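The file run-v4.cif contains mmCIF, C-alpha atoms:
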```cif
data_final
loop_
_atom_site.label_atom_id
_atom_site.label_comp_id
_atom_site.auth_asym_id
_atom_site.auth_seq_id
_atom_site.Cartn_x
_atom_site.Cartn_y
_atom_site.Cartn_z
CA MET A 253 -84.39 58.94 62.01
CA SER A 254 -82.23 56.83 59.70
CA ASP A 255 -80.97 60.16 58.39
CA LEU A 256 -79.64 61.17 61.82
CA LEU A 257 -76.00 60.66 60.89
CA ASP A 258 -76.40 62.99 57.89
CA THR A 259 -77.02 65.80 60.39
CA LEU A 260 -74.01 65.19 62.67
CA PRO A 261 -70.84 67.01 61.57
CA TYR A 262 -68.41 64.30 62.68
CA ALA A 263 -70.42 61.60 60.88
CA ARG A 264 -70.28 63.74 57.76
CA PHE A 265 -66.53 64.22 58.22
CA LEU A 266 -66.18 60.42 58.20
CA GLY A 267 -68.59 60.20 55.23
CA LEU A 268 -70.98 57.80 56.98
CA LYS A 269 -74.01 56.45 55.07
CA THR A 270 -76.96 54.81 56.79
CA ALA A 271 -79.22 52.04 55.47
CA ARG A 272 -82.30 50.99 57.41
CA ASP A 273 -83.97 47.60 57.34
CA GLY A 274 -86.89 47.64 59.77
CA ASP A 275 -85.42 48.53 63.14
CA VAL A 276 -81.85 47.68 62.19
CA LEU A 277 -79.37 50.21 60.87
CA THR A 278 -76.33 49.33 58.81
CA VAL A 279 -73.81 52.14 58.64
CA THR A 280 -71.17 52.26 55.92
CA MET A 281 -67.97 54.30 55.96
CA PRO A 282 -66.90 54.44 52.29
CA PHE A 283 -63.15 54.34 51.91
CA ALA A 284 -61.49 57.75 51.70
CA ASP A 285 -57.83 58.73 51.95
CA HIS A 286 -58.38 60.94 54.99
CA LEU A 287 -59.35 57.87 57.08
CA ILE A 288 -55.87 56.35 56.75
CA GLY A 289 -53.79 56.23 59.94
CA ASN A 290 -50.90 54.04 58.80
CA PRO A 291 -49.68 54.97 55.32
CA LEU A 292 -47.14 52.12 55.23
CA LEU A 293 -49.54 49.17 55.42
CA PRO A 294 -51.81 51.05 54.51
CA ALA A 295 -54.44 50.78 57.24
CA LEU A 296 -57.39 52.80 58.50
CA HIS A 297 -56.77 54.83 61.66
CA GLY A 298 -58.20 53.09 64.71
CA GLY A 299 -59.83 56.41 65.57
CA SER A 300 -61.90 56.42 62.39
CA THR A 301 -63.15 52.86 62.99
CA ALA A 302 -63.88 53.49 66.68
CA ALA A 303 -65.69 56.76 65.94
CA MET A 304 -67.75 55.05 63.25
CA LEU A 305 -68.78 52.30 65.69
CA GLU A 306 -69.67 54.84 68.37
CA LEU A 307 -71.81 56.81 65.92
CA THR A 308 -73.46 53.60 64.70
CA ALA A 309 -74.38 52.81 68.31
CA ILE A 310 -75.71 56.34 68.87
CA ALA A 311 -77.84 56.16 65.72
CA GLN A 312 -79.23 52.73 66.63
CA VAL A 313 -80.18 53.83 70.17
CA ALA A 314 -81.69 57.08 68.90
CA LEU A 315 -83.75 55.14 66.35
CA ILE A 316 -85.27 52.80 68.94
CA TRP A 317 -85.55 55.37 71.76
CA PRO A 318 -85.89 58.82 70.24
CA ARG A 319 -85.28 61.48 72.90
CA LEU A 320 -84.80 65.19 72.85
CA ARG A 321 -81.08 64.75 73.38
CA LEU A 322 -78.83 62.29 71.62
CA PRO A 323 -77.49 59.39 73.68
CA ARG A 324 -74.20 60.40 75.30
CA PRO A 325 -71.32 57.97 75.71
CA ILE A 326 -70.38 57.13 79.31
CA THR A 327 -67.82 54.47 78.56
CA VAL A 328 -66.78 53.03 75.21
CA THR A 329 -64.40 50.08 74.86
CA THR A 330 -63.02 49.22 71.44
CA ALA A 331 -61.25 45.97 70.61
CA TYR A 332 -59.18 46.13 67.45
CA LEU A 333 -59.38 42.68 65.91
CA ARG A 334 -57.91 43.11 62.45
CA SER A 335 -56.15 45.80 60.52
CA GLY A 336 -58.64 47.97 58.61
CA ARG A 337 -57.73 47.70 54.95
CA PRO A 338 -58.20 50.66 52.60
CA GLN A 339 -61.76 49.78 51.63
CA ASP A 340 -65.33 50.36 52.84
CA VAL A 341 -66.29 49.49 56.42
CA HIS A 342 -69.77 48.42 57.54
CA ALA A 343 -71.14 48.40 61.07
CA ARG A 344 -74.19 47.34 62.99
CA ALA A 345 -75.12 47.81 66.65
CA ARG A 346 -77.26 45.70 68.95
CA ILE A 347 -78.84 47.13 72.09
CA SER A 348 -78.31 44.67 74.92
CA ARG A 349 -80.28 46.60 77.49
CA ALA A 350 -81.92 49.98 77.75
CA GLY A 351 -83.18 51.31 81.05
CA ARG A 352 -84.59 54.71 81.83
CA ARG A 353 -81.16 56.36 82.06
CA VAL A 354 -78.57 54.01 80.59
CA ALA A 355 -78.35 51.81 77.51
CA HIS A 356 -75.75 49.15 76.79
CA VAL A 357 -74.79 48.52 73.17
CA LEU A 358 -72.55 46.09 71.30
CA ALA A 359 -71.37 47.07 67.84
CA GLU A 360 -69.19 45.39 65.25
CA ALA A 361 -67.43 46.65 62.14
CA TRP A 362 -66.40 44.51 59.17
CA GLN A 363 -65.18 44.87 55.61
CA ASP A 364 -65.77 41.85 53.32
CA ASP A 365 -67.22 39.36 55.78
CA PRO A 366 -69.41 40.09 58.83
CA ALA A 367 -67.96 36.94 60.42
CA GLN A 368 -64.48 38.54 60.27
CA PRO A 369 -64.98 41.79 62.20
CA ILE A 370 -62.15 44.34 62.18
CA ALA A 371 -63.28 45.93 65.45
CA SER A 372 -65.93 45.62 68.11
CA VAL A 373 -67.29 48.10 70.61
CA THR A 374 -69.03 47.62 73.90
CA ALA A 375 -70.50 50.82 75.29
CA HIS A 376 -72.81 52.40 77.86
CA PHE A 377 -74.77 55.49 76.86
CA SER A 378 -76.57 57.98 79.04
CA LEU A 379 -80.15 58.57 77.93
CA ASP A 380 -81.27 61.28 80.33
CA CYS A 381 -80.65 65.00 80.39
CA SER A 382 -78.15 65.22 83.24
CA MET B 78 -32.17 67.47 74.96
CA SER B 79 -32.15 67.56 71.15
CA ASP B 80 -32.94 63.92 70.49
CA PRO B 81 -33.93 63.90 66.79
CA PHE B 82 -36.55 61.26 67.54
CA LEU B 83 -38.37 63.68 69.87
CA THR B 84 -37.80 66.82 67.80
CA GLU B 85 -38.30 65.51 64.27
CA ILE B 86 -39.81 62.03 64.07
CA LEU B 87 -42.38 62.20 66.87
CA PRO B 88 -44.03 65.40 65.52
CA GLN B 89 -44.35 63.60 62.15
CA LEU B 90 -45.92 60.60 63.85
CA ALA B 91 -48.29 62.95 65.69
CA SER B 92 -49.92 64.48 62.63
CA GLY B 93 -48.23 63.13 59.51
CA ALA B 94 -50.81 60.49 58.51
CA ALA B 95 -53.84 61.41 56.43
CA HIS B 96 -56.37 60.96 59.24
CA THR B 97 -54.42 62.82 61.91
CA HIS B 98 -53.68 65.59 59.41
CA ALA B 99 -57.37 65.84 58.45
CA LEU B 100 -58.31 66.08 62.15
CA GLY B 101 -55.76 68.87 62.62
CA PHE B 102 -53.73 67.21 65.40
CA LYS B 103 -50.88 69.38 66.66
CA TYR B 104 -47.87 67.97 68.49
CA GLU B 105 -47.41 69.80 71.78
CA GLY B 106 -44.26 68.09 73.05
CA VAL B 107 -42.94 65.61 75.57
CA GLU B 108 -42.34 66.08 79.28
CA GLY B 109 -40.72 63.10 80.97
CA ASP B 110 -42.76 60.10 79.91
CA ARG B 111 -45.84 62.20 79.04
CA VAL B 112 -46.64 63.34 75.52
CA ARG B 113 -49.27 65.88 74.51
CA LEU B 114 -51.47 66.53 71.47
CA ARG B 115 -53.82 69.41 70.67
CA THR B 116 -56.83 69.55 68.37
CA PRO B 117 -57.88 73.09 67.50
CA TRP B 118 -61.68 73.37 67.67
CA ARG B 119 -63.45 73.09 64.34
CA PRO B 120 -67.18 73.03 63.58
CA ASP B 121 -66.92 70.01 61.28
CA LEU B 122 -65.58 67.84 64.13
CA VAL B 123 -68.62 68.41 66.33
CA GLY B 124 -70.83 65.50 67.45
CA ASP B 125 -74.17 67.08 68.21
CA PRO B 126 -74.64 70.37 66.31
CA GLU B 127 -76.90 71.63 69.10
CA THR B 128 -74.00 71.66 71.56
CA GLU B 129 -71.03 72.63 69.34
CA VAL B 130 -68.93 70.24 71.39
CA PHE B 131 -66.28 67.93 69.86
CA ALA B 132 -67.67 64.50 68.93
CA GLY B 133 -66.93 61.57 71.21
CA GLY B 134 -65.27 59.98 68.20
CA LEU B 135 -62.76 62.83 67.97
CA VAL B 136 -61.92 62.41 71.66
CA THR B 137 -61.48 58.66 71.07
CA ALA B 138 -59.26 59.23 68.02
CA MET B 139 -57.08 61.66 70.01
CA LEU B 140 -56.74 59.33 73.00
CA ASP B 141 -55.95 56.39 70.71
CA HIS B 142 -53.31 58.39 68.89
CA VAL B 143 -51.66 60.11 71.85
CA GLY B 144 -51.44 56.69 73.53
CA GLY B 145 -49.51 55.39 70.55
CA LEU B 146 -47.15 58.36 70.79
CA ALA B 147 -46.59 57.53 74.48
CA VAL B 148 -45.59 53.98 73.53
CA TRP B 149 -43.04 55.37 71.06
CA VAL B 150 -41.73 57.73 73.75
CA ALA B 151 -41.32 54.75 76.09
CA LEU B 152 -39.61 52.74 73.34
CA GLY B 153 -37.35 55.69 72.54
CA GLY B 154 -37.93 55.27 68.82
CA PHE B 155 -40.31 54.16 66.11
CA ARG B 156 -41.48 50.57 65.87
CA PRO B 157 -44.70 49.42 64.20
CA ILE B 158 -47.50 49.33 66.79
CA ALA B 159 -51.23 48.74 66.67
CA THR B 160 -53.94 49.49 69.21
CA LEU B 161 -55.25 46.30 70.73
CA ASP B 162 -57.85 47.61 73.13
CA LEU B 163 -59.01 51.08 74.12
CA ARG B 164 -61.44 51.98 76.87
CA VAL B 165 -62.62 55.59 77.07
CA ASP B 166 -64.58 56.99 80.02
CA TYR B 167 -66.39 60.23 79.26
CA MET B 168 -66.53 62.14 82.53
CA ARG B 169 -68.18 65.34 81.34
CA ALA B 170 -69.07 67.25 78.20
CA ALA B 171 -66.23 69.16 76.59
CA ARG B 172 -66.63 72.93 76.52
CA PRO B 173 -68.03 74.22 73.23
CA CYS B 174 -65.78 75.93 70.69
CA VAL B 175 -62.57 75.27 72.66
CA ASP B 176 -59.39 73.38 71.68
CA LEU B 177 -58.94 69.96 73.22
CA LEU B 178 -55.66 68.61 74.60
CA ALA B 179 -54.78 64.97 75.16
CA GLU B 180 -51.91 63.61 77.20
CA ALA B 181 -50.71 60.04 77.66
CA ARG B 182 -48.07 58.01 79.40
CA CYS B 183 -47.01 54.45 78.80
CA TYR B 184 -46.67 53.17 82.34
CA ARG B 185 -45.60 49.64 81.50
CA LEU B 186 -43.81 48.14 78.54
CA THR B 187 -43.32 44.43 77.94
CA ARG B 188 -41.63 42.84 74.94
CA THR B 189 -44.94 42.75 73.06
CA ILE B 190 -47.40 45.12 74.78
CA GLY B 191 -47.47 48.77 75.83
CA PHE B 192 -49.89 49.66 78.65
CA VAL B 193 -51.09 53.25 78.51
CA ARG B 194 -53.21 55.75 80.41
CA ALA B 195 -54.39 58.86 78.61
CA TRP B 196 -56.69 61.78 79.36
CA ALA B 197 -58.29 64.64 77.44
CA PHE B 198 -58.92 68.14 78.82
CA GLU B 199 -59.18 71.79 77.84
CA ASP B 200 -56.66 73.41 80.17
CA ASP B 201 -56.35 71.42 83.40
CA PRO B 202 -55.27 67.76 83.22
CA LYS B 203 -56.84 67.30 86.67
CA ASP B 204 -60.27 68.18 85.26
CA PRO B 205 -60.48 65.73 82.34
CA VAL B 206 -63.24 65.49 79.76
CA ALA B 207 -62.36 61.84 79.21
CA ALA B 208 -59.82 59.28 80.31
CA ALA B 209 -58.56 56.18 78.58
CA GLN B 210 -56.85 52.95 79.45
CA SER B 211 -55.38 51.22 76.44
CA THR B 212 -52.99 48.55 75.21
CA TYR B 213 -50.84 48.51 72.09
CA VAL B 214 -49.16 45.60 70.34
CA ILE B 215 -45.51 46.33 69.59
CA ASN B 216 -43.93 45.21 66.33
CA SER B 217 -47.40 44.67 64.97
CA ASP B 218 -47.67 43.00 61.60
CA GLY B 219 -50.90 44.87 60.98
CA GLY B 220 -52.98 41.78 61.71
CA ARG B 221 -51.44 39.87 58.85
CA GLY B 222 -49.55 37.25 60.79
CA ILE B 223 -50.29 33.60 61.37
CA GLY B 224 -53.90 32.98 62.28
CA ALA B 225 -54.81 36.66 62.15
CA ASN B 226 -57.33 36.12 59.41
CA LEU B 227 -58.35 32.55 60.09
CA LYS B 228 -61.58 31.37 58.60
CA SER B 229 -63.24 28.38 60.14
CA GLU B 230 -62.77 25.32 57.97
CA ARG B 231 -66.50 25.00 57.56
CA ALA B 232 -66.75 28.48 56.10
CA ALA B 233 -64.03 27.86 53.52
#
```
Can you present the structure in this file as structure tokens?
Amino acid sequence: MSDLLDTLPYARFLGLKTARDGDVLTVTMPFADHLIGNPLLPALHGGSTAAMLELTAIAQVALIWPRLRLPRPITVTTAYLRSGRPQDVHARARISRAGRRVAHVLAEAWQDDPAQPIASVTAHFSLDCS
Amino acid sequence: MSDPFLTEILPQLASGAAHTHALGFKYEGVEGDRVRLRTPWRPDLVGDPETEVFAGGLVTAMLDHVGGLAVWVALGGFRPIATLDLRVDYMRAARPCVDLLAEARCYRLTRTIGFVRAWAFEDDPKDPVAAAQSTYVINSDGGRGIGANLKSERAA
């Protein structure tokens, strides 16, 4: 299942790579020009960072609770903490709670230092087939 | 009616950056305080290949970006801005193989913050795929100002 993101078109568009250590996934978005949103700074587009965090959360939930359907976002809140510099981004997600139908996930993205996140996501995902 | 900001600069801001260009964003115009973007459907922007529906991340990127455009519309010109916080509610699955539109309005502007509501839909804004509530920092220094990159003294 750590290869899940290789099969999702949008994750491939972002160039995401997944590493698995036990039950924990670390997703990396290698720097690429097409991720830039602000050419003046330059800085990554908030949309690329947010999408990467959302996909990291989906992959982490799908790894722990494999279902026929992928977890679907219900609500996703992204806090932009620092400007994303033109370099690789890493992300990890932690499942706070998973019930029968809904899972809550926290995810953080960083560049050089995990203690200096560039963005964080808090999200609820739907796990059933509604 | 022919404000060069609306006719020339805003379309550039809508799709001129590398990421927005790669996603294929198209500027659809301004009506009052509302601004609209379109993303033509493409198979490489799909989330789950079994559904052929746009990825949640694409919807998020659109809502983030159209919200920024709405702040510029409210400001009446370009100033550096940065998204501070973005909440997206996904109300229903998007329809497969169909273009997605996103519309936003900046309903409150302070000296430092733009408050925005945005929504994504296929053809009817009253039947949204997703809706967003977001805030943007105006005159952002790109997170490079005082204290933006503080390390704790112990970590130094």
Counting all atoms listed in the file, which residues from chain B have an atom at most 7 Å from any atom of chain A, and could you show them as a PDB file with C-alpha atoms, in the coordinates of the input?
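See part.pdb below for the written result:
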```
ATOM      1  CA  ALA B  94     -50.810  60.490  58.510  1.00  0.00           C
ATOM      2  CA  ALA B  95     -53.840  61.410  56.430  1.00  0.00           C
ATOM      3  CA  HIS B  96     -56.370  60.960  59.240  1.00  0.00           C
ATOM      4  CA  THR B  97     -54.420  62.820  61.910  1.00  0.00           C
ATOM      5  CA  ALA B  99     -57.370  65.840  58.450  1.00  0.00           C
ATOM      6  CA  ASP B 121     -66.920  70.010  61.280  1.00  0.00           C
ATOM      7  CA  LEU B 122     -65.580  67.840  64.130  1.00  0.00           C
ATOM      8  CA  VAL B 123     -68.620  68.410  66.330  1.00  0.00           C
ATOM      9  CA  GLY B 124     -70.830  65.500  67.450  1.00  0.00           C
ATOM     10  CA  ASP B 125     -74.170  67.080  68.210  1.00  0.00           C
ATOM     11  CA  PRO B 126     -74.640  70.370  66.310  1.00  0.00           C
ATOM     12  CA  ALA B 132     -67.670  64.500  68.930  1.00  0.00           C
ATOM     13  CA  GLY B 134     -65.270  59.980  68.200  1.00  0.00           C
ATOM     14  CA  THR B 137     -61.480  58.660  71.070  1.00  0.00           C
ATOM     15  CA  ALA B 138     -59.260  59.230  68.020  1.00  0.00           C
ATOM     16  CA  ASP B 141     -55.950  56.390  70.710  1.00  0.00           C
ATOM     17  CA  THR B 160     -53.940  49.490  69.210  1.00  0.00           C
ATOM     18  CA  LEU B 161     -55.250  46.300  70.730  1.00  0.00           C
ATOM     19  CA  ASP B 162     -57.850  47.610  73.130  1.00  0.00           C
ATOM     20  CA  LEU B 163     -59.010  51.080  74.120  1.00  0.00           C
ATOM     21  CA  ARG B 164     -61.440  51.980  76.870  1.00  0.00           C
ATOM     22  CA  VAL B 165     -62.620  55.590  77.070  1.00  0.00           C
ATOM     23  CA  ASP B 166     -64.580  56.990  80.020  1.00  0.00           C
ATOM     24  CA  TYR B 167     -66.390  60.230  79.260  1.00  0.00           C
ATOM     25  CA  GLY B 219     -50.900  44.870  60.980  1.00  0.00           C
ATOM     26  CA  GLY B 220     -52.980  41.780  61.710  1.00  0.00           C
TER      27      GLY B 220
END
```
Give the centre and edge lengths of an axis-aligned box, in Å to one decimal, that holds all listed atoms of segment 324-328 of chain A with 6 Å on each side, as JSON.
```
{"center_x": -70.5, "center_y": 56.7, "center_z": 77.3, "size_x": 19.4, "size_y": 19.4, "size_z": 16.1}
```
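Atom CA of Val313 of chain A to atom CA of Asp275 of chain A spans 10.2 Å [interatomic distance, one decimal].
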* To do: Would you mind listing what lies within 12 Å of Trp118 of chain B as a VMD selection string, with all atoms listed in the file counted and same-chain residues fewer than 3 positions away left out?
  => chain B and resid 100 to 103 115 121 to 123 129 to 132 135 to 136 171 to 178 199
* To do: Would you list the contacts of Gln363 of chain A as an NGL selection string, taking every protein, DNA or RNA residue within 7 Å and counting only C-alpha atoms, but skipping same-chain residues closer than 4 positions in sequence?
  => :A and (340-342)
* Could you jot down the atom CA of Arg169 of chain B to atom CA of Val206 of chain B separation for me, Å, one decimal place? => 5.2 Å
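Going from atom CA of Ser211 of chain B to atom CA of Glu180 of chain B covers 12.9 Å.
Nearest to Pro323 of chain A of all the residues A:Asp365, A:Asp380, A:Glu360, A:Asp258 is A:Asp380, based on only C-alpha atoms.
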Could you state which residues are captured by the PyMOL selection byres ((chain A and resi 315) around 10) in this file, as a CSV table (one decimal) with C-alpha atoms, in the coordinates of the input?
```csv
chain,number,residue,atom,x,y,z
A,253,MET,CA,-84.4,58.9,62.0
A,254,SER,CA,-82.2,56.8,59.7
A,255,ASP,CA,-81.0,60.2,58.4
A,256,LEU,CA,-79.6,61.2,61.8
A,272,ARG,CA,-82.3,51.0,57.4
A,275,ASP,CA,-85.4,48.5,63.1
A,276,VAL,CA,-81.8,47.7,62.2
A,277,LEU,CA,-79.4,50.2,60.9
A,309,ALA,CA,-74.4,52.8,68.3
A,310,ILE,CA,-75.7,56.3,68.9
A,311,ALA,CA,-77.8,56.2,65.7
A,312,GLN,CA,-79.2,52.7,66.6
A,313,VAL,CA,-80.2,53.8,70.2
A,314,ALA,CA,-81.7,57.1,68.9
A,316,ILE,CA,-85.3,52.8,68.9
A,317,TRP,CA,-85.6,55.4,71.8
A,318,PRO,CA,-85.9,58.8,70.2
A,319,ARG,CA,-85.3,61.5,72.9
```
* **Nearest to Pro81 of chain B, chosen from B:Gly153, B:Pro202, B:Met168, B:Thr116, with all atoms listed in the file counted in the distances** => B:Gly153
* Using the chain letters and residue numbers of this document, give as a PyMOL selection string the residues selected by the PyMOL selection byres ((chain B and resi 192) around 8). => chain B and resi 148+183-186+190-191+193-194+210-213
Now that the selection is made, can you save its residues with C-alpha atoms as a CSV table (one decimal), in the frame of the given file?
```
chain,number,residue,atom,x,y,z
B,148,VAL,CA,-45.6,54.0,73.5
B,183,CYS,CA,-47.0,54.4,78.8
B,184,TYR,CA,-46.7,53.2,82.3
B,185,ARG,CA,-45.6,49.6,81.5
B,186,LEU,CA,-43.8,48.1,78.5
B,190,ILE,CA,-47.4,45.1,74.8
B,191,GLY,CA,-47.5,48.8,75.8
B,193,VAL,CA,-51.1,53.2,78.5
B,194,ARG,CA,-53.2,55.8,80.4
B,210,GLN,CA,-56.8,53.0,79.4
B,211,SER,CA,-55.4,51.2,76.4
B,212,THR,CA,-53.0,48.6,75.2
B,213,TYR,CA,-50.8,48.5,72.1
```
* Can you give me, as an MDAnalysis selection string, the residues this file yields under the PyMOL selection byres ((chain B and resi 108) around 12)? => chainID B and resid 78 83 105:107 109:113 147 150:151 180:182
Residue selection dump (C-alpha atoms) as a PDB file, keeping the file's coordinate frame:
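again_14.pdb written:
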```
ATOM      1  CA  MET B  78     -32.170  67.470  74.960  1.00  0.00           C
ATOM      2  CA  LEU B  83     -38.370  63.680  69.870  1.00  0.00           C
ATOM      3  CA  GLU B 105     -47.410  69.800  71.780  1.00  0.00           C
ATOM      4  CA  GLY B 106     -44.260  68.090  73.050  1.00  0.00           C
ATOM      5  CA  VAL B 107     -42.940  65.610  75.570  1.00  0.00           C
ATOM      6  CA  GLY B 109     -40.720  63.100  80.970  1.00  0.00           C
ATOM      7  CA  ASP B 110     -42.760  60.100  79.910  1.00  0.00           C
ATOM      8  CA  ARG B 111     -45.840  62.200  79.040  1.00  0.00           C
ATOM      9  CA  VAL B 112     -46.640  63.340  75.520  1.00  0.00           C
ATOM     10  CA  ARG B 113     -49.270  65.880  74.510  1.00  0.00           C
ATOM     11  CA  ALA B 147     -46.590  57.530  74.480  1.00  0.00           C
ATOM     12  CA  VAL B 150     -41.730  57.730  73.750  1.00  0.00           C
ATOM     13  CA  ALA B 151     -41.320  54.750  76.090  1.00  0.00           C
ATOM     14  CA  GLU B 180     -51.910  63.610  77.200  1.00  0.00           C
ATOM     15  CA  ALA B 181     -50.710  60.040  77.660  1.00  0.00           C
ATOM     16  CA  ARG B 182     -48.070  58.010  79.400  1.00  0.00           C
TER      17      ARG B 182
END
```
* Residues within 7 Å of Arg344 of chain A, only C-alpha atoms, excluding chain neighbours under 4 positions, as a PyMOL selection string -> chain A and resi 277-279+308+359-361
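Distances to Ala195 of chain B were evaluated for B:Leu152, B:Ile86, B:Ala170, B:Val143 using all atoms listed in the file, and the minimum falls at B:Val143.
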* To do: Would you list the contacts of Trp196 of chain B as an NGL selection string, taking every protein, DNA or RNA residue within 7 Å and counting all atoms listed in the file, but skipping same-chain residues closer than 5 positions in sequence?
  => :B and (140 or 179-181 or 205 or 207-209)
